[in-house]
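Next comes query_19.cif, with mmCIF, N, CA and C atoms.
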data_start
loop_
_atom_site.label_atom_id
_atom_site.label_comp_id
_atom_site.auth_asym_id
_atom_site.auth_seq_id
_atom_site.Cartn_x
_atom_site.Cartn_y
_atom_site.Cartn_z
N MET O 139 12.61 30.46 -20.11
CA MET O 139 11.53 30.06 -19.22
C MET O 139 11.43 31.06 -18.09
N ARG O 140 10.24 31.51 -17.82
CA ARG O 140 10.00 32.50 -16.78
C ARG O 140 9.79 31.80 -15.44
N THR O 141 10.42 32.31 -14.40
CA THR O 141 10.23 31.75 -13.06
C THR O 141 9.49 32.73 -12.19
N GLN O 142 8.81 32.20 -11.21
CA GLN O 142 8.07 33.04 -10.28
C GLN O 142 8.86 33.15 -8.98
N SER O 143 8.71 34.27 -8.32
CA SER O 143 9.39 34.45 -7.04
C SER O 143 8.64 33.68 -5.95
N ASN O 144 9.32 33.45 -4.86
CA ASN O 144 8.71 32.76 -3.73
C ASN O 144 7.55 33.54 -3.14
N GLU O 145 7.52 34.86 -3.36
CA GLU O 145 6.44 35.67 -2.81
C GLU O 145 5.08 35.20 -3.31
N ASN O 146 5.02 34.71 -4.55
CA ASN O 146 3.75 34.26 -5.11
C ASN O 146 3.22 32.99 -4.45
N PHE O 147 4.07 32.31 -3.73
CA PHE O 147 3.67 31.06 -3.11
C PHE O 147 3.56 31.17 -1.59
N SER O 148 3.57 32.38 -1.07
CA SER O 148 3.54 32.56 0.38
C SER O 148 2.28 31.97 1.01
N ASP O 149 1.17 31.95 0.27
CA ASP O 149 -0.05 31.39 0.83
C ASP O 149 0.01 29.86 0.93
N LEU O 150 1.02 29.25 0.31
CA LEU O 150 1.17 27.80 0.38
C LEU O 150 2.04 27.38 1.55
N SER O 151 2.62 28.33 2.26
CA SER O 151 3.47 28.01 3.41
C SER O 151 2.60 27.73 4.63
N LEU O 152 2.47 26.46 4.95
CA LEU O 152 1.65 26.05 6.08
C LEU O 152 2.53 25.30 7.08
N SER O 153 2.14 25.35 8.31
CA SER O 153 2.88 24.60 9.32
C SER O 153 2.65 23.10 9.12
N ALA O 154 3.48 22.29 9.72
CA ALA O 154 3.34 20.84 9.62
C ALA O 154 1.97 20.40 10.14
N ASN O 155 1.49 21.00 11.21
CA ASN O 155 0.18 20.64 11.75
C ASN O 155 -0.96 21.00 10.80
N GLU O 156 -0.82 22.10 10.09
CA GLU O 156 -1.86 22.50 9.14
C GLU O 156 -1.86 21.58 7.92
N LEU O 157 -0.68 21.10 7.52
CA LEU O 157 -0.59 20.22 6.37
C LEU O 157 -1.12 18.83 6.66
N ARG O 158 -0.95 18.36 7.86
CA ARG O 158 -1.28 16.98 8.20
C ARG O 158 -2.79 16.76 8.10
N THR O 159 -3.17 15.87 7.20
CA THR O 159 -4.58 15.55 7.06
C THR O 159 -4.93 14.29 7.82
N GLY O 160 -3.93 13.61 8.34
CA GLY O 160 -4.16 12.44 9.15
C GLY O 160 -4.24 11.17 8.33
N GLY O 161 -4.14 10.10 9.05
CA GLY O 161 -4.25 8.81 8.41
C GLY O 161 -2.89 8.21 8.07
N LEU O 162 -2.95 6.93 7.77
CA LEU O 162 -1.74 6.17 7.48
C LEU O 162 -1.96 5.35 6.22
N ILE O 163 -0.87 5.05 5.55
CA ILE O 163 -0.89 4.10 4.44
C ILE O 163 -0.02 2.92 4.83
N TYR O 164 -0.62 1.75 4.83
CA TYR O 164 0.11 0.50 5.02
C TYR O 164 0.41 -0.01 3.62
N ASN O 165 1.67 0.05 3.24
CA ASN O 165 2.10 -0.28 1.89
C ASN O 165 2.73 -1.67 1.85
N VAL O 166 2.23 -2.51 0.96
CA VAL O 166 2.80 -3.84 0.77
C VAL O 166 3.30 -3.91 -0.67
N THR O 167 4.61 -4.03 -0.85
CA THR O 167 5.20 -4.12 -2.17
C THR O 167 5.49 -5.59 -2.44
N VAL O 168 5.04 -6.06 -3.62
CA VAL O 168 5.11 -7.49 -3.92
C VAL O 168 5.71 -7.71 -5.30
N LYS O 169 6.74 -8.55 -5.35
CA LYS O 169 7.33 -9.01 -6.61
C LYS O 169 6.73 -10.38 -6.90
N VAL O 170 6.12 -10.54 -8.07
CA VAL O 170 5.38 -11.75 -8.42
C VAL O 170 6.05 -12.42 -9.61
N GLU O 171 6.28 -13.72 -9.52
CA GLU O 171 6.89 -14.45 -10.64
C GLU O 171 5.95 -14.42 -11.84
N THR O 172 6.53 -14.30 -13.03
CA THR O 172 5.79 -14.15 -14.27
C THR O 172 4.71 -15.21 -14.45
N GLN O 173 5.04 -16.48 -14.20
CA GLN O 173 4.11 -17.57 -14.50
C GLN O 173 2.83 -17.55 -13.66
N ILE O 174 2.82 -16.84 -12.55
CA ILE O 174 1.59 -16.77 -11.74
C ILE O 174 1.00 -15.36 -11.69
N ALA O 175 1.60 -14.41 -12.38
CA ALA O 175 1.24 -13.00 -12.23
C ALA O 175 -0.24 -12.73 -12.46
N ASP O 176 -0.83 -13.26 -13.53
CA ASP O 176 -2.24 -12.99 -13.81
C ASP O 176 -3.15 -13.61 -12.75
N ALA O 177 -2.87 -14.87 -12.39
CA ALA O 177 -3.69 -15.54 -11.38
C ALA O 177 -3.55 -14.86 -10.03
N TRP O 178 -2.32 -14.45 -9.69
CA TRP O 178 -2.10 -13.77 -8.42
C TRP O 178 -2.87 -12.46 -8.36
N LEU O 179 -2.84 -11.69 -9.43
CA LEU O 179 -3.54 -10.40 -9.44
C LEU O 179 -5.05 -10.60 -9.29
N GLN O 180 -5.60 -11.60 -9.94
CA GLN O 180 -7.04 -11.88 -9.79
C GLN O 180 -7.36 -12.29 -8.35
N TRP O 181 -6.51 -13.13 -7.76
CA TRP O 181 -6.69 -13.52 -6.36
C TRP O 181 -6.61 -12.31 -5.44
N LEU O 182 -5.62 -11.44 -5.69
CA LEU O 182 -5.46 -10.24 -4.87
C LEU O 182 -6.72 -9.40 -4.90
N LEU O 183 -7.22 -9.11 -6.10
CA LEU O 183 -8.35 -8.21 -6.27
C LEU O 183 -9.68 -8.83 -5.81
N ASN O 184 -9.85 -10.13 -6.03
CA ASN O 184 -11.14 -10.77 -5.77
C ASN O 184 -11.25 -11.47 -4.43
N GLU O 185 -10.12 -11.82 -3.83
CA GLU O 185 -10.17 -12.55 -2.56
C GLU O 185 -9.41 -11.84 -1.43
N HIS O 186 -8.13 -11.55 -1.67
CA HIS O 186 -7.30 -11.04 -0.58
C HIS O 186 -7.72 -9.65 -0.11
N ILE O 187 -7.80 -8.70 -1.02
CA ILE O 187 -8.17 -7.34 -0.63
C ILE O 187 -9.55 -7.30 0.03
N PRO O 188 -10.57 -7.98 -0.52
CA PRO O 188 -11.86 -7.98 0.19
C PRO O 188 -11.74 -8.54 1.62
N SER O 189 -10.90 -9.55 1.81
CA SER O 189 -10.69 -10.10 3.16
C SER O 189 -10.04 -9.08 4.08
N VAL O 190 -9.07 -8.35 3.56
CA VAL O 190 -8.40 -7.33 4.37
C VAL O 190 -9.39 -6.22 4.72
N LEU O 191 -10.17 -5.78 3.77
CA LEU O 191 -11.13 -4.71 4.03
C LEU O 191 -12.23 -5.15 4.99
N LYS O 192 -12.56 -6.42 4.99
CA LYS O 192 -13.58 -6.96 5.88
C LYS O 192 -13.18 -6.82 7.35
N THR O 193 -11.88 -6.68 7.62
CA THR O 193 -11.42 -6.50 9.00
C THR O 193 -11.85 -5.15 9.58
N LYS O 194 -12.25 -4.22 8.73
CA LYS O 194 -12.65 -2.86 9.12
C LYS O 194 -11.49 -2.02 9.68
N CYS O 195 -10.26 -2.47 9.43
CA CYS O 195 -9.09 -1.73 9.89
C CYS O 195 -8.66 -0.68 8.86
N PHE O 196 -9.10 -0.84 7.62
CA PHE O 196 -8.74 0.07 6.54
C PHE O 196 -10.00 0.57 5.85
N THR O 197 -9.94 1.81 5.38
CA THR O 197 -11.11 2.42 4.76
C THR O 197 -11.08 2.38 3.23
N ASP O 198 -9.89 2.17 2.65
CA ASP O 198 -9.76 2.21 1.20
C ASP O 198 -8.44 1.56 0.82
N TYR O 199 -8.22 1.40 -0.45
CA TYR O 199 -6.96 0.83 -0.94
C TYR O 199 -6.70 1.29 -2.37
N LYS O 200 -5.47 1.12 -2.79
CA LYS O 200 -5.07 1.32 -4.19
C LYS O 200 -4.10 0.20 -4.52
N VAL O 201 -4.14 -0.26 -5.76
CA VAL O 201 -3.17 -1.21 -6.27
C VAL O 201 -2.47 -0.54 -7.44
N VAL O 202 -1.15 -0.50 -7.38
CA VAL O 202 -0.38 0.11 -8.46
C VAL O 202 0.71 -0.86 -8.90
N ARG O 203 1.11 -0.74 -10.16
CA ARG O 203 2.22 -1.53 -10.68
C ARG O 203 3.42 -0.60 -10.82
N LEU O 204 4.55 -1.04 -10.31
CA LEU O 204 5.76 -0.23 -10.39
C LEU O 204 6.27 -0.25 -11.82
N LEU O 205 6.69 0.91 -12.28
CA LEU O 205 7.28 1.07 -13.61
C LEU O 205 8.76 1.32 -13.46
N GLU O 206 9.46 1.18 -14.54
CA GLU O 206 10.90 1.44 -14.58
C GLU O 206 11.66 0.61 -13.55
N VAL O 207 11.21 -0.65 -13.37
CA VAL O 207 11.92 -1.63 -12.55
C VAL O 207 12.14 -2.87 -13.41
N ASP O 208 13.05 -3.72 -13.01
CA ASP O 208 13.35 -4.93 -13.75
C ASP O 208 12.18 -5.91 -13.61
N ASP O 209 11.46 -6.11 -14.71
CA ASP O 209 10.33 -7.03 -14.73
C ASP O 209 10.69 -8.36 -15.36
N SER O 210 11.95 -8.64 -15.55
CA SER O 210 12.36 -9.86 -16.26
C SER O 210 11.90 -11.12 -15.55
N GLU O 211 11.75 -11.07 -14.24
CA GLU O 211 11.28 -12.23 -13.49
C GLU O 211 9.82 -12.09 -13.06
N GLY O 212 9.21 -10.98 -13.40
CA GLY O 212 7.81 -10.77 -13.08
C GLY O 212 7.56 -9.34 -12.63
N PRO O 213 6.29 -8.96 -12.61
CA PRO O 213 5.91 -7.59 -12.24
C PRO O 213 6.03 -7.34 -10.74
N THR O 214 6.11 -6.06 -10.39
CA THR O 214 6.12 -5.64 -8.99
C THR O 214 4.93 -4.71 -8.77
N TYR O 215 4.18 -5.00 -7.72
CA TYR O 215 3.00 -4.21 -7.37
C TYR O 215 3.17 -3.62 -5.99
N ALA O 216 2.44 -2.54 -5.74
CA ALA O 216 2.31 -1.98 -4.40
C ALA O 216 0.82 -1.90 -4.09
N ILE O 217 0.45 -2.44 -2.96
CA ILE O 217 -0.92 -2.36 -2.49
C ILE O 217 -0.91 -1.41 -1.30
N GLN O 218 -1.70 -0.36 -1.39
CA GLN O 218 -1.72 0.66 -0.35
C GLN O 218 -3.08 0.66 0.33
N TYR O 219 -3.05 0.30 1.61
CA TYR O 219 -4.27 0.27 2.42
C TYR O 219 -4.30 1.52 3.28
N TYR O 220 -5.44 2.19 3.34
CA TYR O 220 -5.58 3.44 4.08
C TYR O 220 -6.25 3.21 5.43
N ALA O 221 -5.55 3.58 6.50
CA ALA O 221 -6.07 3.48 7.86
C ALA O 221 -6.29 4.88 8.42
N GLU O 222 -7.38 5.06 9.13
CA GLU O 222 -7.67 6.37 9.70
C GLU O 222 -6.80 6.68 10.91
N SER O 223 -6.31 5.65 11.59
CA SER O 223 -5.53 5.89 12.81
C SER O 223 -4.50 4.79 13.02
N LYS O 224 -3.54 5.09 13.88
CA LYS O 224 -2.54 4.09 14.26
C LYS O 224 -3.20 2.94 14.99
N ALA O 225 -4.26 3.23 15.75
CA ALA O 225 -4.99 2.18 16.45
C ALA O 225 -5.60 1.18 15.47
N ASP O 226 -6.16 1.68 14.36
CA ASP O 226 -6.72 0.78 13.34
C ASP O 226 -5.63 -0.09 12.72
N TYR O 227 -4.50 0.53 12.38
CA TYR O 227 -3.37 -0.22 11.83
C TYR O 227 -2.87 -1.26 12.83
N ASN O 228 -2.70 -0.85 14.09
CA ASN O 228 -2.22 -1.78 15.12
C ASN O 228 -3.18 -2.95 15.30
N ARG O 229 -4.47 -2.67 15.23
CA ARG O 229 -5.46 -3.74 15.36
C ARG O 229 -5.30 -4.75 14.22
N TYR O 230 -5.05 -4.26 13.02
CA TYR O 230 -4.83 -5.16 11.89
C TYR O 230 -3.59 -6.02 12.12
N ILE O 231 -2.49 -5.39 12.49
CA ILE O 231 -1.24 -6.11 12.71
C ILE O 231 -1.40 -7.16 13.82
N GLU O 232 -2.03 -6.78 14.90
CA GLU O 232 -2.16 -7.67 16.06
C GLU O 232 -3.15 -8.81 15.85
N LEU O 233 -4.25 -8.54 15.15
CA LEU O 233 -5.33 -9.52 15.05
C LEU O 233 -5.43 -10.25 13.71
N HIS O 234 -4.93 -9.63 12.63
CA HIS O 234 -5.22 -10.19 11.30
C HIS O 234 -4.00 -10.45 10.42
N ALA O 235 -2.95 -9.69 10.57
CA ALA O 235 -1.83 -9.75 9.62
C ALA O 235 -1.22 -11.14 9.50
N SER O 236 -1.01 -11.79 10.62
CA SER O 236 -0.38 -13.11 10.60
C SER O 236 -1.18 -14.11 9.77
N ALA O 237 -2.48 -14.14 9.96
CA ALA O 237 -3.33 -15.06 9.20
C ALA O 237 -3.35 -14.72 7.72
N MET O 238 -3.38 -13.43 7.39
CA MET O 238 -3.38 -13.01 5.98
C MET O 238 -2.07 -13.42 5.30
N ARG O 239 -0.97 -13.21 5.98
CA ARG O 239 0.33 -13.59 5.42
C ARG O 239 0.42 -15.10 5.23
N LYS O 240 -0.10 -15.84 6.20
CA LYS O 240 -0.09 -17.30 6.12
C LYS O 240 -0.90 -17.78 4.92
N GLN O 241 -2.09 -17.22 4.73
CA GLN O 241 -2.93 -17.59 3.59
C GLN O 241 -2.20 -17.35 2.27
N SER O 242 -1.55 -16.20 2.18
CA SER O 242 -0.83 -15.86 0.96
C SER O 242 0.32 -16.85 0.72
N PHE O 243 1.06 -17.15 1.76
CA PHE O 243 2.20 -18.06 1.61
C PHE O 243 1.72 -19.47 1.25
N GLU O 244 0.63 -19.91 1.87
CA GLU O 244 0.12 -21.25 1.56
C GLU O 244 -0.34 -21.36 0.12
N LYS O 245 -0.86 -20.28 -0.43
CA LYS O 245 -1.35 -20.31 -1.82
C LYS O 245 -0.22 -20.12 -2.83
N TRP O 246 0.72 -19.21 -2.55
CA TRP O 246 1.71 -18.82 -3.56
C TRP O 246 3.14 -19.20 -3.20
N GLY O 247 3.40 -19.54 -1.97
CA GLY O 247 4.75 -19.94 -1.57
C GLY O 247 5.78 -18.86 -1.84
N GLU O 248 6.90 -19.29 -2.34
CA GLU O 248 8.00 -18.37 -2.60
C GLU O 248 7.96 -17.78 -4.01
N GLN O 249 6.81 -17.90 -4.66
CA GLN O 249 6.65 -17.30 -5.99
C GLN O 249 6.35 -15.80 -5.88
N VAL O 250 6.11 -15.35 -4.67
CA VAL O 250 5.94 -13.92 -4.41
C VAL O 250 6.86 -13.52 -3.26
N ILE O 251 7.43 -12.36 -3.38
CA ILE O 251 8.28 -11.80 -2.33
C ILE O 251 7.70 -10.44 -1.99
N SER O 252 7.51 -10.18 -0.71
CA SER O 252 6.92 -8.90 -0.35
C SER O 252 7.64 -8.25 0.82
N PHE O 253 7.51 -6.94 0.88
CA PHE O 253 7.96 -6.21 2.06
C PHE O 253 6.93 -5.13 2.35
N ARG O 254 6.89 -4.74 3.59
CA ARG O 254 5.85 -3.83 4.06
C ARG O 254 6.45 -2.57 4.67
N SER O 255 5.71 -1.47 4.54
CA SER O 255 6.12 -0.22 5.17
C SER O 255 4.87 0.54 5.60
N LEU O 256 5.04 1.38 6.58
CA LEU O 256 3.96 2.21 7.08
C LEU O 256 4.33 3.66 6.83
N MET O 257 3.38 4.40 6.25
CA MET O 257 3.63 5.80 5.92
C MET O 257 2.53 6.67 6.48
N GLU O 258 2.90 7.86 6.91
CA GLU O 258 1.94 8.84 7.41
C GLU O 258 1.52 9.75 6.27
N ILE O 259 0.22 9.98 6.15
CA ILE O 259 -0.29 10.89 5.13
C ILE O 259 -0.11 12.32 5.64
N ILE O 260 0.58 13.12 4.87
CA ILE O 260 0.81 14.52 5.23
C ILE O 260 -0.23 15.41 4.55
N LYS O 261 -0.43 15.22 3.28
CA LYS O 261 -1.41 16.03 2.53
C LYS O 261 -2.00 15.19 1.43
#

Give the structure from this file in structure tokens form.
Amino acid sequence: MRTQSNENFSDLSLSANELRTGGLIYNVTVKVETQIADAWLQWLLNEHIPSVLKTKCFTDYKVVRLLEVDDSEGPTYAIQYYAESKADYNRYIELHASAMRKQSFEKWGEQVISFRSLMEIIK
């Protein structure tokens, strides 16, 4: 196998400021029990995500299913909401997150387990 020298990639060397395109991803990873997985996914796509987007705190989203994880008790999903700024994310957390989490818990209880993380988009 032929390798290329680092010289060929010198134009890809950018400073951290040049790489940063801005924005944040609010990631919610959710483990869903098998018996409710289909209904939960339909609720997520048709009710929950539209409600989150209606807050105007996020500009877009992606839903992905994790692979190569133990699915014996149900699938694991990650929902990634895109915020243009920390102010938009903070507004969601301060004004909307509590109610959204409450709605989810009231509907699904402990049949779903989730954790959240905030990530900065670099490129």

List every protein, DNA or RNA residue with an atom no more than 6.5 Å from (3.8, -5.6, -2.9) in the file's coordinates, counting all atoms listed in the file, and format the result as an mmCIF file with N, CA and C atoms, keeping the file's coordinate frame.
data_model
loop_
_atom_site.group_PDB
_atom_site.id
_atom_site.type_symbol
_atom_site.label_atom_id
_atom_site.label_comp_id
_atom_site.auth_asym_id
_atom_site.auth_seq_id
_atom_site.Cartn_x
_atom_site.Cartn_y
_atom_site.Cartn_z
ATOM 1 N N ASN O 165 1.670 0.050 3.240
ATOM 2 C CA ASN O 165 2.100 -0.280 1.890
ATOM 3 C C ASN O 165 2.730 -1.670 1.850
ATOM 4 N N VAL O 166 2.230 -2.510 0.960
ATOM 5 C CA VAL O 166 2.800 -3.840 0.770
ATOM 6 C C VAL O 166 3.300 -3.910 -0.670
ATOM 7 N N THR O 167 4.610 -4.030 -0.850
ATOM 8 C CA THR O 167 5.200 -4.120 -2.170
ATOM 9 C C THR O 167 5.490 -5.590 -2.440
ATOM 10 N N VAL O 168 5.040 -6.060 -3.620
ATOM 11 C CA VAL O 168 5.110 -7.490 -3.920
ATOM 12 C C VAL O 168 5.710 -7.710 -5.300
ATOM 13 N N LYS O 169 6.740 -8.550 -5.350
ATOM 14 C CA LYS O 169 7.330 -9.010 -6.610
ATOM 15 C C LYS O 169 6.730 -10.380 -6.900
ATOM 16 N N THR O 214 6.110 -6.060 -10.390
ATOM 17 C CA THR O 214 6.120 -5.640 -8.990
ATOM 18 C C THR O 214 4.930 -4.710 -8.770
ATOM 19 N N TYR O 215 4.180 -5.000 -7.720
ATOM 20 C CA TYR O 215 3.000 -4.210 -7.370
ATOM 21 C C TYR O 215 3.170 -3.620 -5.990
ATOM 22 N N ALA O 216 2.440 -2.540 -5.740
ATOM 23 C CA ALA O 216 2.310 -1.980 -4.400
ATOM 24 C C ALA O 216 0.820 -1.900 -4.090
ATOM 25 N N ILE O 217 0.450 -2.440 -2.960
ATOM 26 C CA ILE O 217 -0.920 -2.360 -2.490
ATOM 27 C C ILE O 217 -0.910 -1.410 -1.300
ATOM 28 N N ILE O 251 7.430 -12.360 -3.380
ATOM 29 C CA ILE O 251 8.280 -11.800 -2.330
ATOM 30 C C ILE O 251 7.700 -10.440 -1.990
ATOM 31 N N SER O 252 7.510 -10.180 -0.710
ATOM 32 C CA SER O 252 6.920 -8.900 -0.350
ATOM 33 C C SER O 252 7.640 -8.250 0.820
ATOM 34 N N PHE O 253 7.510 -6.940 0.880
ATOM 35 C CA PHE O 253 7.960 -6.210 2.060
ATOM 36 C C PHE O 253 6.930 -5.130 2.350
#

Do you have the atom C of Ser223 in chain O-CA of Ile187 in chain O distance handy? 18.6 Å

Any chance you could work out the residue set of the PyMOL selection byres ((chain O and resi 196) around 7) here, as a list in words?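 Applied to this file, the PyMOL selection byres ((chain O and resi 196) around 7) returns Val190, Leu191, Thr193, Lys194, Cys195, Thr197, Asp198, Tyr199, Tyr219, Tyr220, Ala221, Glu222, Asp226 and Tyr227 of chain O.
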
If DSSP is run on the backbone, what residues of chain O are alpha helix (DSSP H)? A reply as a VMD selection string would be ideal. chain O and resid 154 to 157 175 to 181 187 to 192 224 to 230 236 to 246

Separation of CA of Phe243 in chain O and CA of Ser210 in chain O, in Å? 22.1 Å

For the atom pair CA of Asp209 in chain O and atom C of Glu171 in chain O, what is the interatomic distance in Å to one decimal place?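 Separation between CA of Asp209 in chain O and atom C of Glu171 in chain O: 9.1 Å.
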
Taking 6 positions as the minimum chain separation for residues in the same chain, which residues sit within 10 Å of Gln249 in chain O when counting only C-alpha atoms? Answer as a VMD selection string. chain O and resid 169 to 175 178 212 243

Spell out the residues picked by the PyMOL selection byres ((chain O and resi 162) around 5) here, as an NGL selection string. :O and (160-161 or 163-164 or 220-222 or 257-259)

So which residues of chain O fall under strand (DSSP E or B) by DSSP, listed as a ChimeraX atom specification? /O:162-170,198-203,214-221,250-258
